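**Student:** Pasting a structure here, questions to come.
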Amino acid sequence: MATAVSQKDRKKTKVWRSFFEMLRKVKVPWGWLLLAILITLGYSTIMMLFPDYTQQVINGDVSSKTLVTLVSVILGSLLLNSASTAIKGITDAKVGFAMEQAAWKSISGLTLSDIEKENTKELISRVTTDTRSISQMLSMRIPYLLQYVYTIVASVMMANSYDGSLLITLVLLLVAQVILASIVGRVSFNLQNKAQKKLAEMTKIIAEIIANISVVKIFSSERKETERGDKAIKSYYRASLIAESVSNGLFRCSYLVNVLGMLIVIIQGGHLVTQGRIDIGQWIAYFMYYQMMTDSIKMFFFNWKEVYSCQGKLHRLAEIITTPEEDIESGEHLTPCKGDFTFDNVSFSYGSERKILNNVSFRIPAGKFVAIAGMNGAGKTTILSLLERFYCPDEGKITYAGKDVSTLNLADWRALFSYVPQDVRLMSGTIRENILYGVDRAVSEDELRAACKKARADRFIDKLPDGLETRVDEFGDNFSGGQRQQIAIARAILRDRECLLLDEFTSNLDPEAEAHVLDAIREISDDKTVIVVAHKISTIEKADSIILLDQGEVEAAGDNDRLIRESKVYRTMAATRFATV
């Protein structure tokens, strides 16, 4: 049990440590935060004067000075309350802006391996939901917590100025209400948390069923999945009903304790009045301070619960913001020199025990058309990712013109490549903007259209009413896979780099378009290194050199004729005209 507690304490310590590390990286508007806290405490200070001046008026002091002061207290509290609300709103916006900027800068600077550890929706949530929660915690919840602590202490001290016994009563009532509020808050939070987990489970199950509804209907599993969904709904219903019932019961207990406390204050105040130890005005003021204290206790625990519930979001956001960004500045600057690429005993795994690549060695000659083939999971796409330095080898090294690429400036290194990925995602905008994306030079209209023609993209672009100005939906979903590939190929041609990386770049093209694009690639590759991952033999057999992978190792290497002679695996692929991916 002690171990569990210590682990929990260590986790909390880690959360707050990462929080303070995050604050050092975020440009938090500390001046606005301090102003929000000071105005909030100023409002509370003026409000603490209200019962005292009310007491004076009730006791018959209706002098102009007293009345003017009372009116000033009322108007001043209204003014400061309005100012406090406005300042908190501005501070919240400024803190949120700073958090969003820091989160987005950190996410965009993460390495690909760090990004892949996170769910895309979760990363989006870091920039939106989490930053908003943390900014509200800093700009609103914490000032409120300080305000309520200040009001509680001040209420007790002001009551003591009337009679010492009143202090004892308020302290006892304070302890009782704090204990009760703590119990109510903890139990309610835990029950609500359990209900939220059941809601998340229910949502996940229903979303999964709806997403796979065609499979459900194909296998006539409607009844089974309906029962599974119904079970999840009932589980959430029971958890939420228990949470609501227990929370309501505890709230009634809390309300009863507050009423009893109020009754004790009234009886004690009345008793002290009859003894002449305090007057009627002080009794009313005492009651007002009690109400302030009670309300502050309630609101303190409400805001504390909100702060406590932010711990998970705070930790996740802090982890993102404090994660080191990808270093694209340091390293030896590189001048393209049309050098060979060499893999020297390279091993790599995606965090799993099984190696995707195992002591792989081969050379990619400069200016040659090289194809990488192999069975599914052989590591073909991984080789392209390692070339782009999205990941680093676990063992071995990759060299360019004899230089270890890990020592080279990353920005310069990636400038060597044009890349057509297997799954092409387009950016929102127009077709023209997508083709020119990443092209850092002036491109004439003729050159743009020539690239489209070589990529065979002109065939569908010219048929569109708006041509190159056609709008692109999110991810390019208003275009087919083949059309997206053709746009990406046109972009790679315009980018005009020393090395062209093509990952299954003809997988969605019809045979005529494939032949045309291959001819175009051969045409532009006279002075370029072209590295192709493909599953169609029609693409592979035209390469100057073929690297055949099998279970993460180089099974054979050479041109088409050599592999036909020496590799049984390749002969099987050639016979079927299909290199299994």
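Letters A, B, ... mark the chains of the structure tokens in the order given; residue numbers begin at 1 per chain; ligand numbers begin at 1, in order shown.
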What are the closest atom pairs, with distances in Å to one decimal, for all residues of range 255-337 of chain A lying within 9 Å of range 149-164 of chain A? Consider only C-alpha atoms, order rows by chain and residue number, and present the result as a Markdown table.
**Tutor:**
| residue | atom | partner | partner_atom | distance |
| --- | --- | --- | --- | --- |
| A:Leu272 | CA | A:Asp163 | CA | 8.8 |
| A:Arg277 | CA | A:Asp163 | CA | 7.4 |
| A:Ile278 | CA | A:Tyr162 | CA | 6.8 |
| A:Gln282 | CA | A:Tyr162 | CA | 6.9 |
| A:Trp283 | CA | A:Tyr162 | CA | 8.8 |
| A:Ala285 | CA | A:Ala159 | CA | 8.2 |
| A:Tyr286 | CA | A:Ala159 | CA | 5.8 |
| A:Met288 | CA | A:Ser155 | CA | 8.9 |
| A:Tyr289 | CA | A:Ser155 | CA | 5.1 |
| A:Tyr290 | CA | A:Ser155 | CA | 7.0 |
| A:Met292 | CA | A:Ser155 | CA | 7.0 |
| A:Met293 | CA | A:Ile152 | CA | 4.8 |
| A:Thr294 | CA | A:Ile152 | CA | 8.0 |
| A:Ser296 | CA | A:Ile152 | CA | 6.4 |
| A:Ile297 | CA | A:Ile152 | CA | 7.3 |
| A:Phe300 | CA | A:Val149 | CA | 7.4 |
**Student:** Can I get the residues of range 410-497 of chain A within 9 Å of range 326-348 of chain A, each with the closest pair of atoms and their distance in Å to one decimal, using only C-alpha atoms, sorted chain first then ascending number, as a tab-separated table?
**Tutor:**
residue	atom	partner	partner_atom	distance
A:Leu410	CA	A:Ile328	CA	4.8
A:Ala411	CA	A:Ile328	CA	5.3
A:Asp412	CA	A:Leu334	CA	5.7
A:Trp413	CA	A:Leu334	CA	6.8
A:Ala415	CA	A:Pro336	CA	8.9
A:Leu416	CA	A:Pro336	CA	6.8
**Student:** Work out how far CA of His535 in chain A is from CA of Gln551 in chain A, in Å to one decimal.
**Tutor:** 15.9 Å
**Student:** Using only C-alpha atoms, which residue out of A:Val259, A:Gln196, A:His271, A:Glu388 lies closest to Ser165 in chain A?
**Tutor:**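 Of all the options, A:His271 lies closest to Ser165 in chain A.
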**Student:** Any idea what the distance is between CA of Gly476 in chain A and CA of Ile383 in chain A?
**Tutor:**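 Interatomic distance here is 26.5 Å.
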**Student:** Return as a list in words the full set of residues in range 270-395 of chain A whose backbone-based DSSP assignment is strand (DSSP E).
**Tutor:**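 Answer for range 270-395 of chain A, restricted to strand (DSSP E): Phe341, Thr342, Phe343, Asp344, Asn345, Val346, Ser347, Phe348, Leu357, Asn358, Asn359, Val360, Ser361, Phe362, Arg363, Ile364, Phe369, Val370, Ala371, Ile372, Ala373, Gly374 and Glu395 of chain A.
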**Student:** Given the choices A:Val517, A:Leu70, A:Cys452, A:Val420, which gets closest to Ala492 in chain A if the distance is worked out from only C-alpha atoms?
**Tutor:**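 Distance minimum relative to Ala492 in chain A lands on A:Val420.
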**Student:** For Thr323 in chain A, which residue out of A:Leu110, A:Ile537, A:Ile90, A:Met202 is the nearest one, using only C-alpha atoms?
**Tutor:**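 The answer is A:Leu110, which sits nearest to Thr323 in chain A.
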**Student:** Ranking A:Ser538, A:Thr129, A:Asn59, A:Thr470 by minimum distance to Asp279 in chain A and counting only C-alpha atoms, which one comes first?
**Tutor:**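 The shortest atom-to-atom distance to Asp279 in chain A comes from A:Asn59.
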**Student:** Quick one: contact table of range 226-313 of chain A to range 171-194 of chain A, 12 Å max, nearest atom pair and distance in Å to one decimal per residue, counting only C-alpha atoms, chain and number order, as a Markdown table?
**Tutor:**
| residue | atom | partner | partner_atom | distance |
| --- | --- | --- | --- | --- |
| A:Ser235 | CA | A:Lys194 | CA | 10.6 |
| A:Tyr236 | CA | A:Lys194 | CA | 8.9 |
| A:Tyr237 | CA | A:Lys194 | CA | 11.4 |
| A:Arg238 | CA | A:Lys194 | CA | 10.5 |
| A:Ala239 | CA | A:Lys194 | CA | 6.8 |
| A:Ser240 | CA | A:Gln192 | CA | 7.1 |
| A:Leu241 | CA | A:Leu191 | CA | 9.8 |
| A:Ile242 | CA | A:Leu191 | CA | 7.5 |
| A:Ala243 | CA | A:Leu191 | CA | 4.9 |
| A:Glu244 | CA | A:Gln192 | CA | 8.0 |
| A:Ser245 | CA | A:Ser188 | CA | 9.9 |
| A:Val246 | CA | A:Ser188 | CA | 7.4 |
| A:Ser247 | CA | A:Ser188 | CA | 5.4 |
| A:Asn248 | CA | A:Ser188 | CA | 9.2 |
| A:Gly249 | CA | A:Val184 | CA | 9.5 |
| A:Leu250 | CA | A:Val184 | CA | 5.9 |
| A:Phe251 | CA | A:Val184 | CA | 7.3 |
| A:Arg252 | CA | A:Val184 | CA | 10.3 |
| A:Cys253 | CA | A:Leu180 | CA | 8.6 |
| A:Ser254 | CA | A:Leu180 | CA | 6.7 |
| A:Tyr255 | CA | A:Gln177 | CA | 10.0 |
| A:Leu256 | CA | A:Gln177 | CA | 10.8 |
| A:Val257 | CA | A:Gln177 | CA | 7.4 |
| A:Asn258 | CA | A:Gln177 | CA | 7.6 |
| A:Val259 | CA | A:Leu173 | CA | 11.2 |
| A:Leu260 | CA | A:Leu173 | CA | 9.6 |
| A:Gly261 | CA | A:Leu173 | CA | 6.5 |
| A:Met262 | CA | A:Leu173 | CA | 9.5 |
| A:Leu263 | CA | A:Leu173 | CA | 11.4 |
| A:Ile264 | CA | A:Leu173 | CA | 9.2 |
| A:Val265 | CA | A:Leu173 | CA | 9.4 |
| A:Tyr289 | CA | A:Leu174 | CA | 11.9 |
| A:Tyr290 | CA | A:Leu173 | CA | 9.2 |
| A:Gln291 | CA | A:Leu174 | CA | 11.3 |
| A:Met292 | CA | A:Leu174 | CA | 11.4 |
| A:Met293 | CA | A:Leu174 | CA | 7.8 |
| A:Thr294 | CA | A:Leu174 | CA | 7.8 |
| A:Asp295 | CA | A:Gln177 | CA | 10.6 |
| A:Ser296 | CA | A:Leu174 | CA | 10.5 |
| A:Ile297 | CA | A:Val178 | CA | 6.9 |
| A:Lys298 | CA | A:Ala181 | CA | 7.2 |
| A:Met299 | CA | A:Ala181 | CA | 10.1 |
| A:Phe300 | CA | A:Ala181 | CA | 9.5 |
| A:Phe301 | CA | A:Ala181 | CA | 6.9 |
| A:Phe302 | CA | A:Gly185 | CA | 7.9 |
| A:Asn303 | CA | A:Gly185 | CA | 10.7 |
| A:Trp304 | CA | A:Gly185 | CA | 9.2 |
| A:Lys305 | CA | A:Gly185 | CA | 7.1 |
| A:Glu306 | CA | A:Phe189 | CA | 10.0 |
| A:Tyr308 | CA | A:Phe189 | CA | 9.7 |
| A:Ser309 | CA | A:Phe189 | CA | 8.7 |
**Student:** Run DSSP on the backbone of this structure and report the residues of range 117-239 of chain A it assigns to alpha helix (DSSP H), as an MDAnalysis selection string.
**Tutor:** chainID A and resid 120:125 131:136 142:160 164:211 213:218 222:239
**Student:** Measuring atom to atom with only C-alpha atoms, identify which of A:Glu566, A:Asp544, A:Asp230, A:Glu433 is nearest to Ala490 in chain A.
**Tutor:**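 Checking each of A:Glu566, A:Asp544, A:Asp230, A:Glu433 against Ala490 in chain A, counting only C-alpha atoms, the winner is A:Glu433.
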**Student:** From the options A:Cys310, A:Leu41, A:Met573, A:Ile124, which residue's atoms come nearest to Met137 in chain A, counting only C-alpha atoms?
**Tutor:**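 Answer, going by the shortest atom-to-atom distance: A:Cys310.
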**Student:** Considering only C-alpha atoms, return as a list in words whatever protein or nucleic-acid residues lie within 10 Å of Tyr350 in chain A, sequence-local ones (same chain, fewer than 2 positions apart) excluded.
**Tutor:**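 Close residues of Tyr350 in chain A: Ser113, Phe348, Ser352, Glu353, Arg354, Lys355, Ile356, Thr382, Tyr391 and Asp394 of chain A.
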**Student:** Please provide the set of residues having any atom within 7 Å of range 454-460 of chain A, restricted to only C-alpha atoms, with same-chain residues fewer than 4 positions apart removed, written as a ChimeraX atom specification.
**Tutor:** /A:450,464,483,486-487,489-490,513,517,520
